[in-house]
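Coordinates as given in input_39.txt (compact mmCIF, C-alpha atoms):
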# COMPACT_ATOMS: atom_id res chain seq x y z
CA MET A 5 38.54 -1.17 -4.62
CA GLU A 6 37.97 -0.96 -0.91
CA LEU A 7 35.02 -0.78 1.44
CA VAL A 8 35.00 2.14 3.86
CA LEU A 9 32.45 2.60 6.63
CA GLU A 10 32.38 6.11 8.03
CA ASN A 11 30.56 6.93 11.23
CA LEU A 12 27.80 4.55 10.16
CA ALA A 13 24.66 4.46 12.30
CA CYS A 14 21.37 2.66 12.03
CA ARG A 15 18.13 3.29 13.80
CA ARG A 16 15.15 0.96 13.72
CA ALA A 17 11.75 2.03 15.01
CA GLY A 18 13.35 4.96 16.81
CA ARG A 19 15.93 2.78 18.60
CA ILE A 20 19.60 3.14 17.78
CA VAL A 21 21.04 -0.23 16.81
CA PHE A 22 24.62 0.95 16.28
CA ARG A 23 26.33 4.26 15.84
CA GLY A 24 29.72 5.66 14.92
CA LEU A 25 30.92 2.56 13.11
CA ASP A 26 34.23 3.07 11.28
CA PHE A 27 35.85 0.27 9.36
CA ARG A 28 38.04 -0.28 6.34
CA LEU A 29 38.25 -3.40 4.23
CA ALA A 30 40.81 -3.59 1.45
CA ALA A 31 40.45 -5.57 -1.77
CA GLY A 32 41.31 -9.21 -1.25
CA GLU A 33 40.40 -9.20 2.43
CA ALA A 34 37.74 -11.18 4.23
CA ALA A 35 36.61 -9.66 7.53
CA SER A 36 34.69 -11.40 10.25
CA LEU A 37 31.88 -9.52 11.89
CA ARG A 38 31.66 -10.52 15.51
CA GLY A 39 29.51 -9.69 18.48
CA PRO A 40 26.90 -11.17 20.78
CA ASN A 41 23.37 -11.97 19.62
CA GLY A 42 21.18 -8.96 18.99
CA VAL A 43 24.05 -6.52 18.69
CA GLY A 44 23.10 -5.62 15.12
CA LYS A 45 25.31 -7.77 12.90
CA SER A 46 22.48 -8.74 10.58
CA THR A 47 21.24 -5.16 10.59
CA LEU A 48 24.67 -3.89 9.57
CA LEU A 49 24.83 -6.39 6.71
CA ARG A 50 21.36 -5.36 5.55
CA VAL A 51 22.37 -1.69 5.73
CA LEU A 52 25.41 -2.47 3.57
CA ALA A 53 23.20 -4.37 1.14
CA GLY A 54 21.11 -1.20 0.82
CA LEU A 55 18.04 -2.90 2.26
CA ILE A 56 17.85 -0.68 5.36
CA PRO A 57 18.74 3.02 5.21
CA ALA A 58 21.61 4.24 7.37
CA ALA A 59 20.57 6.90 9.88
CA GLU A 60 23.96 8.63 9.79
CA GLY A 61 27.28 8.25 8.07
CA ASP A 62 28.05 6.52 4.83
CA ALA A 63 29.64 3.47 3.29
CA ARG A 64 31.78 3.73 0.20
CA LEU A 65 32.72 0.88 -2.07
CA GLY A 66 35.43 1.80 -4.54
CA GLY A 67 34.39 5.45 -4.27
CA ILE A 68 30.67 4.77 -4.73
CA SER A 69 28.62 6.17 -1.90
CA LEU A 70 25.79 4.08 -0.50
CA ALA A 71 23.93 7.19 0.63
CA ARG A 72 24.15 8.99 -2.68
CA SER A 73 24.03 6.24 -5.30
CA ARG A 74 22.44 3.25 -3.65
CA GLY A 75 21.59 1.52 -6.94
CA ALA A 76 25.19 1.51 -8.17
CA PHE A 77 26.41 0.40 -4.72
CA GLN A 78 23.92 -2.45 -4.63
CA GLU A 79 25.06 -3.70 -8.02
CA ARG A 80 28.46 -4.44 -6.50
CA VAL A 81 27.10 -6.37 -3.54
CA ALA A 82 26.02 -9.96 -3.06
CA TYR A 83 24.05 -10.72 0.09
CA ALA A 84 23.32 -14.10 1.64
CA GLY A 85 21.08 -13.74 4.67
CA HIS A 86 19.18 -16.11 6.93
CA LEU A 87 16.71 -16.85 4.17
CA ASP A 88 17.87 -18.85 1.18
CA ALA A 89 15.44 -17.39 -1.40
CA VAL A 90 14.80 -20.88 -2.74
CA LYS A 91 11.44 -21.55 -4.42
CA PRO A 92 10.18 -25.00 -3.40
CA ALA A 93 7.91 -25.21 -6.47
CA LEU A 94 10.91 -25.09 -8.82
CA GLY A 95 13.71 -27.56 -9.41
CA VAL A 96 17.14 -27.19 -7.82
CA ALA A 97 18.93 -26.24 -11.05
CA GLU A 98 15.89 -24.22 -12.15
CA ASN A 99 16.13 -22.10 -9.00
CA LEU A 100 19.73 -21.20 -9.68
CA ALA A 101 19.19 -20.76 -13.43
CA ILE A 102 16.58 -18.11 -12.68
CA TRP A 103 19.07 -16.07 -10.67
CA ALA A 104 21.67 -16.53 -13.40
CA GLY A 105 19.09 -15.13 -15.84
CA LEU A 106 18.29 -12.21 -13.55
CA HIS A 107 21.97 -11.36 -13.35
CA ALA A 108 22.52 -11.97 -17.06
CA ALA A 109 25.18 -14.53 -16.14
CA ASP A 110 26.46 -17.28 -18.40
CA PRO A 111 24.07 -20.27 -17.99
CA SER A 112 27.05 -22.64 -17.85
CA ARG A 113 27.89 -21.21 -14.42
CA VAL A 114 24.80 -22.85 -12.98
CA GLY A 115 26.10 -26.35 -13.54
CA ALA A 116 29.54 -25.42 -12.25
CA ALA A 117 28.10 -23.89 -9.07
CA LEU A 118 25.87 -26.89 -8.38
CA GLU A 119 28.87 -29.19 -8.95
CA ARG A 120 30.99 -27.15 -6.59
CA PHE A 121 28.40 -27.21 -3.82
CA GLY A 122 27.86 -30.94 -4.21
CA ILE A 123 24.21 -30.69 -5.22
CA ALA A 124 24.61 -31.47 -8.93
CA HIS A 125 23.19 -34.99 -8.38
CA ILE A 126 19.86 -33.49 -7.25
CA ALA A 127 19.78 -30.80 -9.95
CA GLY A 128 16.50 -32.09 -11.37
CA HIS A 129 14.73 -32.62 -8.05
CA PRO A 130 12.11 -30.18 -6.79
CA ALA A 131 13.68 -27.84 -4.25
CA ALA A 132 10.83 -28.73 -1.88
CA GLN A 133 12.56 -32.08 -1.31
CA CYS A 134 15.86 -30.46 -0.26
CA SER A 135 17.11 -30.68 3.31
CA ALA A 136 17.90 -27.47 5.18
CA GLY A 137 21.58 -27.93 4.42
CA GLN A 138 20.95 -28.52 0.73
CA LYS A 139 18.77 -25.41 0.56
CA ARG A 140 21.52 -23.41 2.21
CA ARG A 141 24.03 -24.77 -0.31
CA LEU A 142 21.68 -23.76 -3.12
CA GLY A 143 21.30 -20.29 -1.62
CA LEU A 144 25.06 -19.87 -1.33
CA ALA A 145 25.60 -21.19 -4.85
CA ARG A 146 23.92 -17.96 -5.97
CA LEU A 147 27.13 -16.13 -4.98
CA MET A 148 28.91 -18.03 -7.75
CA VAL A 149 26.54 -16.85 -10.48
CA MET A 150 26.29 -13.25 -9.28
CA ASP A 151 29.83 -12.01 -9.84
CA ARG A 152 29.88 -9.22 -7.27
CA PRO A 153 33.02 -7.83 -5.60
CA LEU A 154 31.62 -7.53 -2.07
CA TRP A 155 30.08 -10.56 -0.37
CA LEU A 156 27.95 -9.96 2.71
CA LEU A 157 27.39 -13.29 4.44
CA ASP A 158 25.13 -13.62 7.44
CA GLU A 159 25.92 -16.83 9.33
CA PRO A 160 26.62 -18.70 6.09
CA THR A 161 27.45 -21.99 7.80
CA VAL A 162 24.15 -22.44 9.62
CA SER A 163 22.79 -25.94 8.88
CA LEU A 164 25.88 -26.78 6.80
CA ASP A 165 27.98 -29.85 7.58
CA ALA A 166 31.73 -29.62 8.19
CA ALA A 167 32.63 -30.30 4.56
CA ALA A 168 30.29 -27.62 3.25
CA SER A 169 31.52 -25.12 5.85
CA ALA A 170 35.07 -25.77 4.67
CA LEU A 171 33.86 -25.25 1.12
CA VAL A 172 32.41 -21.86 2.04
CA ALA A 173 35.77 -20.85 3.53
CA GLU A 174 37.51 -22.09 0.40
CA LEU A 175 35.17 -20.07 -1.85
CA VAL A 176 35.70 -16.94 0.23
CA ARG A 177 39.48 -17.43 -0.07
CA GLU A 178 39.19 -17.83 -3.85
CA HIS A 179 36.92 -14.80 -4.07
CA CYS A 180 39.44 -12.72 -2.13
CA ALA A 181 42.37 -14.05 -4.15
CA GLY A 182 40.58 -12.66 -7.20
CA GLY A 183 40.45 -9.21 -5.61
CA GLY A 184 37.03 -9.63 -4.01
CA MET A 185 36.00 -8.74 -0.47
CA ALA A 186 33.81 -10.43 2.09
CA LEU A 187 32.23 -9.39 5.36
CA ILE A 188 31.07 -12.45 7.26
CA ALA A 189 28.98 -12.52 10.41
CA THR A 190 29.84 -15.78 12.11
CA HIS A 191 30.13 -17.37 15.53
CA ILE A 192 32.41 -20.18 14.45
CA ASP A 193 35.95 -19.88 13.17
CA LEU A 194 35.74 -20.37 9.42
CA GLY A 195 39.50 -20.87 9.28
CA LEU A 196 40.07 -17.90 7.05
CA GLY A 197 43.19 -17.07 9.01
CA GLY A 198 43.81 -13.61 10.36
CA GLY A 199 41.58 -11.29 8.37
CA PRO A 200 40.42 -8.05 9.93
CA VAL A 201 37.74 -8.32 12.60
CA LEU A 202 34.86 -5.91 12.95
CA GLY A 203 33.70 -6.30 16.53
CA MET A 204 30.36 -4.88 17.54
CA ALA A 205 29.45 -4.09 21.14
CA PRO A 206 25.94 -3.49 22.47
CA PHE A 207 24.98 0.15 22.10
CA ALA A 208 24.76 1.71 25.56
CA GLU A 209 22.18 4.38 24.89
CA ALA A 210 19.75 1.92 23.41
CA ALA A 211 16.89 3.72 25.13
CA GLU A 212 17.68 7.05 23.52
CA THR A 213 14.76 8.16 21.46
CA GLY A 214 15.23 9.05 17.83
CA GLY A 215 13.04 12.13 17.88
CA ALA A 216 11.83 11.96 14.31
CA ASP A 217 8.95 9.76 13.27
CA PRO A 218 10.57 6.42 12.39
CA PHE A 219 8.04 5.80 9.62
CA LEU A 220 8.40 9.06 7.75
CA GLU A 221 12.06 9.79 8.30
CA GLY A 222 14.30 8.95 5.39
CA ALA A 223 11.47 7.61 3.28
CA TRP A 224 13.72 6.94 0.30
CA MET B 4 14.08 -15.19 -26.46
CA VAL B 5 15.23 -11.91 -24.97
CA ARG B 6 17.96 -12.35 -22.38
CA SER B 7 17.44 -9.38 -20.14
CA PRO B 8 16.96 -9.43 -16.36
CA PHE B 9 13.52 -7.89 -16.88
CA ALA B 10 12.36 -10.64 -19.25
CA ALA B 11 13.91 -13.27 -16.98
CA LEU B 12 11.84 -11.98 -14.06
CA VAL B 13 8.61 -11.93 -16.09
CA ARG B 14 9.30 -15.54 -17.14
CA ARG B 15 10.12 -16.56 -13.57
CA ASP B 16 6.93 -15.14 -12.09
CA THR B 17 4.77 -16.51 -14.90
CA ARG B 18 6.27 -19.95 -14.37
CA LEU B 19 5.78 -19.77 -10.60
CA ALA B 20 2.15 -18.68 -11.00
CA LEU B 21 1.42 -21.61 -13.29
CA ARG B 22 3.00 -24.16 -10.93
CA LEU B 23 0.93 -25.97 -8.35
CA GLY B 24 0.03 -23.53 -5.58
CA GLY B 25 1.05 -20.57 -7.72
CA GLY B 26 -2.49 -19.25 -7.79
CA GLY B 27 -2.76 -18.53 -11.52
CA ALA B 28 -5.07 -21.42 -12.41
CA VAL B 29 -7.02 -21.02 -9.17
CA GLY B 30 -7.82 -17.39 -9.98
CA ILE B 31 -9.16 -18.31 -13.42
CA ALA B 32 -11.17 -21.21 -12.03
CA PHE B 33 -12.67 -18.85 -9.45
CA PHE B 34 -13.56 -16.35 -12.20
CA VAL B 35 -15.33 -19.02 -14.26
CA LEU B 36 -17.15 -20.54 -11.27
CA ALA B 37 -18.33 -17.19 -9.93
CA VAL B 38 -19.80 -16.29 -13.31
CA VAL B 39 -21.35 -19.73 -13.85
CA LEU B 40 -23.14 -19.46 -10.49
CA ILE B 41 -25.01 -16.31 -11.54
CA PRO B 42 -27.52 -17.89 -13.98
CA LEU B 43 -28.18 -20.57 -11.37
CA GLY B 44 -29.05 -17.94 -8.80
CA VAL B 45 -30.73 -15.33 -10.99
CA GLY B 46 -32.62 -17.66 -13.29
CA ARG B 47 -32.42 -18.20 -17.02
CA GLU B 48 -34.40 -15.18 -18.14
CA THR B 49 -32.44 -13.87 -21.13
CA ALA B 50 -33.15 -10.16 -20.77
CA THR B 51 -32.18 -10.00 -17.09
CA LEU B 52 -28.98 -11.97 -17.56
CA ALA B 53 -27.86 -9.92 -20.54
CA ARG B 54 -28.50 -6.70 -18.64
CA ILE B 55 -26.35 -7.69 -15.65
CA ALA B 56 -23.72 -9.64 -17.63
CA GLY B 57 -21.21 -6.78 -17.85
CA GLY B 58 -21.37 -6.03 -14.14
CA VAL B 59 -21.19 -9.68 -13.17
CA LEU B 60 -18.13 -10.35 -15.32
CA TRP B 61 -16.31 -7.32 -13.97
CA VAL B 62 -17.11 -8.02 -10.31
CA ALA B 63 -15.93 -11.59 -10.79
CA ALA B 64 -12.75 -10.33 -12.48
CA LEU B 65 -11.99 -7.96 -9.58
CA LEU B 66 -12.39 -10.72 -7.02
CA ALA B 67 -10.38 -13.23 -9.06
CA ALA B 68 -7.54 -10.73 -9.46
CA LEU B 69 -7.54 -10.12 -5.70
CA LEU B 70 -7.17 -13.84 -4.96
CA SER B 71 -3.63 -14.07 -6.25
CA LEU B 72 -2.58 -10.52 -5.37
CA ASP B 73 -1.74 -11.15 -1.73
CA ARG B 74 1.08 -13.48 -2.78
CA LEU B 75 2.43 -11.10 -5.45
CA PHE B 76 5.22 -9.80 -3.22
CA GLN B 77 4.59 -11.69 0.00
CA ALA B 78 5.89 -15.05 -1.24
CA ASP B 79 9.17 -13.39 -2.23
CA TYR B 80 9.24 -11.36 0.97
CA GLU B 81 8.90 -14.42 3.17
CA ASP B 82 11.54 -16.60 1.54
CA GLY B 83 14.14 -13.87 1.10
CA SER B 84 13.77 -13.58 -2.67
CA LEU B 85 12.70 -9.96 -2.37
CA ASP B 86 16.02 -9.05 -0.72
CA GLN B 87 17.80 -10.71 -3.61
CA LEU B 88 15.57 -8.99 -6.18
CA MET B 89 16.49 -5.64 -4.64
CA LEU B 90 20.12 -6.44 -5.46
CA ALA B 91 19.31 -7.47 -9.03
CA PRO B 92 20.89 -5.31 -11.74
CA MET B 93 17.73 -3.29 -12.34
CA PRO B 94 15.86 -0.67 -10.32
CA LEU B 95 13.22 -1.96 -7.91
CA GLU B 96 10.62 -0.08 -9.98
CA GLN B 97 11.45 -2.39 -12.89
CA VAL B 98 11.26 -5.44 -10.62
CA VAL B 99 7.78 -4.36 -9.58
CA LEU B 100 6.75 -3.70 -13.17
CA ALA B 101 7.96 -7.14 -14.29
CA LYS B 102 6.11 -8.87 -11.46
CA THR B 103 2.94 -6.89 -12.19
CA ILE B 104 3.10 -7.77 -15.88
CA ALA B 105 3.52 -11.44 -14.96
CA HIS B 106 0.50 -11.13 -12.68
CA TRP B 107 -1.58 -9.75 -15.53
CA LEU B 108 -0.32 -12.45 -17.93
CA THR B 109 -1.54 -15.13 -15.51
CA THR B 110 -4.83 -13.49 -14.42
CA GLY B 111 -6.05 -10.58 -16.59
CA LEU B 112 -5.05 -12.06 -19.93
CA PRO B 113 -6.68 -15.50 -19.49
CA MET B 114 -9.79 -13.82 -18.05
CA THR B 115 -9.95 -11.59 -21.13
CA LEU B 116 -9.65 -14.59 -23.42
CA ILE B 117 -12.33 -16.59 -21.66
CA ALA B 118 -14.70 -13.64 -21.16
CA PRO B 119 -16.59 -13.99 -24.50
CA VAL B 120 -17.48 -17.60 -23.69
CA LEU B 121 -18.82 -16.59 -20.30
CA GLY B 122 -20.53 -13.54 -21.85
CA ALA B 123 -22.34 -15.78 -24.33
CA MET B 124 -23.40 -17.99 -21.44
CA LEU B 125 -24.88 -14.91 -19.75
CA GLN B 126 -26.94 -14.35 -22.93
CA LEU B 127 -24.93 -11.35 -24.12
CA PRO B 128 -25.70 -10.91 -27.83
CA ASP B 129 -22.80 -11.60 -30.21
CA THR B 130 -22.67 -7.90 -31.11
CA ALA B 131 -21.63 -6.98 -27.56
CA LEU B 132 -18.86 -9.58 -27.25
CA PRO B 133 -16.08 -7.68 -29.10
CA ALA B 134 -16.66 -4.68 -26.82
CA LEU B 135 -16.51 -6.98 -23.79
CA VAL B 136 -13.14 -8.42 -24.85
CA LEU B 137 -11.76 -4.97 -25.65
CA ALA B 138 -12.94 -3.62 -22.30
CA MET B 139 -11.36 -6.54 -20.42
CA ALA B 140 -8.10 -6.10 -22.35
CA ALA B 141 -8.04 -2.37 -21.61
CA GLY B 142 -9.24 -2.58 -18.01
CA THR B 143 -7.76 -5.70 -16.40
CA PRO B 144 -4.16 -4.38 -16.41
CA ALA B 145 -5.38 -1.67 -14.03
CA LEU B 146 -6.46 -4.41 -11.61
CA SER B 147 -2.89 -5.74 -11.51
CA PHE B 148 -1.28 -2.30 -11.32
CA ILE B 149 -3.53 -0.92 -8.57
CA GLY B 150 -3.44 -4.25 -6.77
CA ALA B 151 0.36 -4.25 -6.78
CA ILE B 152 0.37 -1.06 -4.69
CA GLY B 153 -1.90 -2.69 -2.11
CA ALA B 154 0.15 -5.89 -2.18
CA ALA B 155 3.34 -3.91 -1.58
CA ILE B 156 1.83 -2.01 1.34
CA THR B 157 0.56 -5.18 3.04
CA VAL B 158 3.60 -7.33 2.22
CA GLY B 159 4.69 -7.61 5.85
CA VAL B 160 1.23 -8.24 7.27
CA ARG B 161 0.44 -11.82 8.22
CA ARG B 162 -2.75 -12.96 6.51
CA GLY B 163 -2.83 -9.57 4.86
CA GLY B 164 -5.24 -10.76 2.17
CA LEU B 165 -8.27 -9.28 3.92
CA LEU B 166 -6.57 -5.97 4.60
CA LEU B 167 -5.46 -5.95 0.99
CA SER B 168 -9.06 -6.43 -0.21
CA ILE B 169 -10.30 -3.56 1.93
CA LEU B 170 -7.48 -1.38 0.67
CA VAL B 171 -7.75 -2.23 -3.01
CA LEU B 172 -11.44 -2.88 -3.75
CA PRO B 173 -12.48 0.79 -3.36
CA LEU B 174 -9.71 1.73 -5.80
CA TYR B 175 -11.12 -0.77 -8.28
CA ILE B 176 -14.48 1.08 -8.43
CA PRO B 177 -13.69 3.33 -11.43
CA THR B 178 -12.44 0.36 -13.46
CA LEU B 179 -15.55 -1.61 -12.51
CA VAL B 180 -17.90 1.26 -13.40
CA PHE B 181 -16.32 2.06 -16.76
CA GLY B 182 -15.74 -1.60 -17.64
CA ALA B 183 -19.35 -2.54 -17.01
CA ARG B 184 -20.53 0.61 -18.79
CA VAL B 185 -18.68 -0.37 -21.98
CA VAL B 186 -20.59 -3.65 -22.09
CA GLU B 187 -23.86 -1.89 -21.34
CA HIS B 188 -23.32 0.66 -24.11
CA ALA B 189 -22.51 -2.12 -26.56
CA LEU B 190 -25.65 -3.95 -25.50
CA LEU B 191 -27.79 -0.85 -26.10
CA GLY B 192 -26.09 -0.18 -29.41
CA LEU B 193 -24.49 3.07 -28.22
CA SER B 194 -20.95 4.18 -29.03
CA THR B 195 -18.41 2.70 -26.60
CA ALA B 196 -15.48 4.90 -27.63
CA GLY B 197 -15.87 7.48 -24.86
CA VAL B 198 -16.13 5.03 -21.97
CA MET B 199 -13.42 2.84 -23.46
CA GLY B 200 -11.16 5.88 -23.54
CA LEU B 201 -11.78 6.52 -19.85
CA LEU B 202 -11.14 2.86 -19.05
CA GLY B 203 -7.88 2.84 -20.98
CA GLY B 204 -6.82 6.16 -19.48
CA LEU B 205 -7.39 4.76 -16.02
CA THR B 206 -5.14 1.80 -16.83
CA LEU B 207 -2.41 4.08 -18.17
CA PHE B 208 -2.60 6.24 -15.05
CA ALA B 209 -2.35 3.16 -12.82
CA ALA B 210 0.54 1.82 -14.90
CA ALA B 211 2.45 5.09 -14.58
CA LEU B 212 1.94 5.38 -10.83
CA SER B 213 2.08 1.77 -9.66
CA PRO B 214 5.78 0.86 -10.11
CA PHE B 215 6.92 3.90 -8.13
CA ALA B 216 4.32 3.63 -5.39
CA SER B 217 4.81 -0.13 -5.02
CA ALA B 218 8.61 0.12 -4.98
CA LEU B 219 8.44 2.81 -2.30
CA ALA B 220 6.13 0.67 -0.15
CA LEU B 221 8.40 -2.36 -0.59
CA ARG B 222 11.49 -0.39 0.42
CA ILE B 223 9.79 0.82 3.57
CA ASN B 224 8.61 -2.70 4.37
CA ALA B 225 12.01 -4.28 3.74
CA ARG B 226 13.54 -2.54 6.75
Since I need it in another form, could you write the structure as structure tokens?
Amino acid sequence: MELVLENLACRRAGRIVFRGLDFRLAAGEAASLRGPNGVGKSTLLRVLAGLIPAAEGDARLGGISLARSRGAFQERVAYAGHLDAVKPALGVAENLAIWAGLHAADPSRVGAALERFGIAHIAGHPAAQCSAGQKRRLGLARLMVMDRPLWLLDEPTVSLDAAASALVAELVREHCAGGGMALIATHIDLGLGGGPVLGMAPFAEAAETGGADPFLEGAW
Amino acid sequence: MVRSPFAALVRRDTRLALRLGGGGAVGIAFFVLAVVLIPLGVGRETATLARIAGGVLWVAALLAALLSLDRLFQADYEDGSLDQLMLAPMPLEQVVLAKTIAHWLTTGLPMTLIAPVLGAMLQLPDTALPALVLAMAAGTPALSFIGAIGAAITVGVRRGGLLLSILVLPLYIPTLVFGARVVEHALLGLSTAGVMGLLGGLTLFAAALSPFASALALRINAR
């Protein structure tokens, strides 16, 4: 399985965010996504998660086209964005158990993931009492119950301490060793050691108008 | 217990609605209070109360359903859960359907169960109570289904509750009219089958349309 981006472009509200993006990520590789703030790293990750439609081009994951069969593509993707999707009204373990249920995963994985992320001792606490770092750990623990080949991580180490950041790198390495792939937007060096780098540069013709009505176009 | 993603999502949303701040209990309390206020304002005259009982119960049900609707998708939208739900191993239409069913289980269903008590308080004769319960059971799902479309459209709007009300209340009119008419017919001793059929048909139509319309609106708003 490999991830192939072909001439990928994204337009938001008539403004081109990026265009002509080509990239190839082989199984077992973790790529870093780099570029200055506002260049469209998060947008690219959301496009690849099928949350924003691509304006042009396509992404293929093991032969499955994002443009043509988005549902099947999405079922091979795990996404961890800026928001942790943690419900404060529920307990820490309860939060994760719900996602395990939604992904029909083995419930025993919940305990293992909490253990791994060092939040097993607060498993019974309400998530509302968690610190920002603990919430982030809980959000990332979802990756361990989801069992998806492609991980899309958007600044995964924000609000994590050094030990937890190292743990994220370790998990990504394990994921890749098992044939998985990861695309990670990050400003710090995770210490993944020499994976491919997808560099994004600001799009020059940012003022170019899209022409079509941004609301109606591609209403999928 | 069924272990499917769909059932897991229904359970999740039901649990969240019943937790503190989830809005389930608040909606029911609002429904009861709104109905209890009516005899205080209108007076205790039996004939008048019985005549307006159907309308009062339905108007209160519409407003109570609206109360919790604005958080139906917005809570998940704001904390990132909606992004994750879009990646869940089921189509977004199913996600929407599960969430709408959970909404009905925590608003429409309890309102249906408590309606005969409130109906009796509004001096509805015992003979009209079965029709009232049947009408609520057949009509309240439409409130959740139609409301879900409005909730999906306004998901990205800050304090979108008001906009949601303006959007959704006009669409609730047929359900209100037929629902109240069922109670009125029962009160007058007429056959309720025809109106009940229209009420149920309306719910089925809303149920068929809502998952697709809501999912489309959510996809557009997720960008």
Between chain B and chain A, at 6 Å or less, what are the per-residue closest atom pairs and their distances in Å? Count all atoms listed in the file, order by chain and rising residue number, and return it as a tab-separated table.
residue	atom	partner	partner_atom	distance
B:Pro8	CA	A:Leu106	CA	4.2
B:Ala11	CA	A:Gly105	CA	5.6
B:Asp82	CA	A:Ala89	CA	4.9
B:Gly83	CA	A:Ala89	CA	4.5
B:Ser84	CA	A:Ala89	CA	4.3
B:Leu90	CA	A:Gln78	CA	5.6
B:Pro92	CA	A:Glu79	CA	5.8
B:Arg226	CA	A:Ile56	CA	4.9
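Taking CA of Pro119 in chain B and CA of Thr143 in chain B as endpoints, the distance between them is 14.6 Å.
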Fill in the blank from the handout: Separating CA of Val149 in chain A from CA of Val114 in chain A, to the nearest tenth of an Å, is a gap of 6.7 Å
Completion exercise
Computed gap from CA of Thr110 in chain B to CA of Gln77 in chain B is 17.3 Å
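Residue nearest Arg18 in chain B within the list B:Ala134, B:Ala105, B:Glu96, B:Trp61: B:Ala105 [criterion: smallest interatomic distance, only C-alpha atoms].
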Practice task
Return the single residue from B:Leu191, B:Leu125, B:Ala53, B:Leu205 that is closest to Ile176 in chain B, with distances computed using all atoms listed in the file.
Solution key: B:Leu205
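Of the residues listed (A:Leu118, A:Ala136, A:Ala186, A:Leu49), A:Ala136 shows the shortest atom-to-atom separation from Asp165 in chain A; distances use all atoms listed in the file.
Take the candidates B:Ala140, B:Val38, B:Val198, B:Val171 and check each one against Met124 in chain B using all atoms listed in the file; the shortest distance goes to B:Val38.
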Exercise for the section: Tell me which protein, DNA and RNA residues are within 6 Å of Gly32 in chain A, counting only C-alpha atoms, leaving out same-chain ones fewer than 2 positions away, and put them as a PyMOL selection string. Expected result: chain A and resi 180-181+183-185
For the residues in the current selection, export C-alpha atoms as a PDB file, keeping the file's coordinate frame.
ATOM      1  CA  CYS A 180      39.440 -12.720  -2.130  1.00  0.00           C
ATOM      2  CA  ALA A 181      42.370 -14.050  -4.150  1.00  0.00           C
ATOM      3  CA  GLY A 183      40.450  -9.210  -5.610  1.00  0.00           C
ATOM      4  CA  GLY A 184      37.030  -9.630  -4.010  1.00  0.00           C
ATOM      5  CA  MET A 185      36.000  -8.740  -0.470  1.00  0.00           C
TER       6      MET A 185
END
Practice task
Could you pull out every residue with an atom within 10 Å of (27.6, 4.6, 8.2), file coordinates, counting all atoms listed in the file, and send them as a list in words?
Solution key: Val8, Leu9, Glu10, Asn11, Leu12, Ala13, Cys14, Phe22, Arg23, Gly24, Leu25, Asp26, Phe27, Leu48, Val51, Leu52, Pro57, Ala58, Ala59, Glu60, Gly61, Asp62, Ala63, Arg64, Leu70 and Ala71 of chain A
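Nearest residue to Ile123 in chain A, choosing from A:Leu65, A:Leu154, A:Ala173, A:Ala168 and counting all atoms listed in the file: A:Ala168.
Excluding Gly58 in chain B itself and same-chain residues fewer than 4 positions from it, the residues having an atom within 9 Å of it are B:Arg54, B:Val62, B:Ala63, B:Leu179, B:Val180, B:Gly182, B:Ala183, B:Arg184, B:Val186, B:Glu187, counting all atoms listed in the file.
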Exercise for the section: With a distance cut-off of 8 Å and all atoms listed in the file, select the neighbouring residues of range 33-40 of chain A, excluding the residue or stretch itself and same-chain residues fewer than 4 positions from it, and output the selection as a ChimeraX atom specification. Expected result: /A:29,45,176-177,180,184-191,196,199-206
With C-alpha atoms retained, export the selected residues as a PDB file, in the coordinates of the input.
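Here's the written file selection.pdb:
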ATOM      1  CA  LEU A  29      38.250  -3.400   4.230  1.00  0.00           C
ATOM      2  CA  LYS A  45      25.310  -7.770  12.900  1.00  0.00           C
ATOM      3  CA  VAL A 176      35.700 -16.940   0.230  1.00  0.00           C
ATOM      4  CA  ARG A 177      39.480 -17.430  -0.070  1.00  0.00           C
ATOM      5  CA  CYS A 180      39.440 -12.720  -2.130  1.00  0.00           C
ATOM      6  CA  GLY A 184      37.030  -9.630  -4.010  1.00  0.00           C
ATOM      7  CA  MET A 185      36.000  -8.740  -0.470  1.00  0.00           C
ATOM      8  CA  ALA A 186      33.810 -10.430   2.090  1.00  0.00           C
ATOM      9  CA  LEU A 187      32.230  -9.390   5.360  1.00  0.00           C
ATOM     10  CA  ILE A 188      31.070 -12.450   7.260  1.00  0.00           C
ATOM     11  CA  ALA A 189      28.980 -12.520  10.410  1.00  0.00           C
ATOM     12  CA  THR A 190      29.840 -15.780  12.110  1.00  0.00           C
ATOM     13  CA  HIS A 191      30.130 -17.370  15.530  1.00  0.00           C
ATOM     14  CA  LEU A 196      40.070 -17.900   7.050  1.00  0.00           C
ATOM     15  CA  GLY A 199      41.580 -11.290   8.370  1.00  0.00           C
ATOM     16  CA  PRO A 200      40.420  -8.050   9.930  1.00  0.00           C
ATOM     17  CA  VAL A 201      37.740  -8.320  12.600  1.00  0.00           C
ATOM     18  CA  LEU A 202      34.860  -5.910  12.950  1.00  0.00           C
ATOM     19  CA  GLY A 203      33.700  -6.300  16.530  1.00  0.00           C
ATOM     20  CA  MET A 204      30.360  -4.880  17.540  1.00  0.00           C
ATOM     21  CA  ALA A 205      29.450  -4.090  21.140  1.00  0.00           C
ATOM     22  CA  PRO A 206      25.940  -3.490  22.470  1.00  0.00           C
TER      23      PRO A 206
END
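Distances from A:Ala131, A:Leu144, A:Val21, A:Leu100 to Val172 in chain A were compared using all atoms listed in the file, and the smallest one belongs to A:Leu144.
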Output: range 173-178 of chain A of the preceding structure, restricted to C-alpha atoms, written as a compact mmCIF listing (two decimals), in the first residue's frame.
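Final output, saved to result.txt:
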# COMPACT_ATOMS: atom_id res chain seq x y z
CA ALA A 173 7.53 9.30 17.84
CA GLU A 174 7.87 5.78 19.20
CA LEU A 175 4.25 4.94 18.27
CA VAL A 176 4.73 6.32 14.77
CA ARG A 177 7.86 4.17 14.38
CA GLU A 178 5.96 1.08 15.55
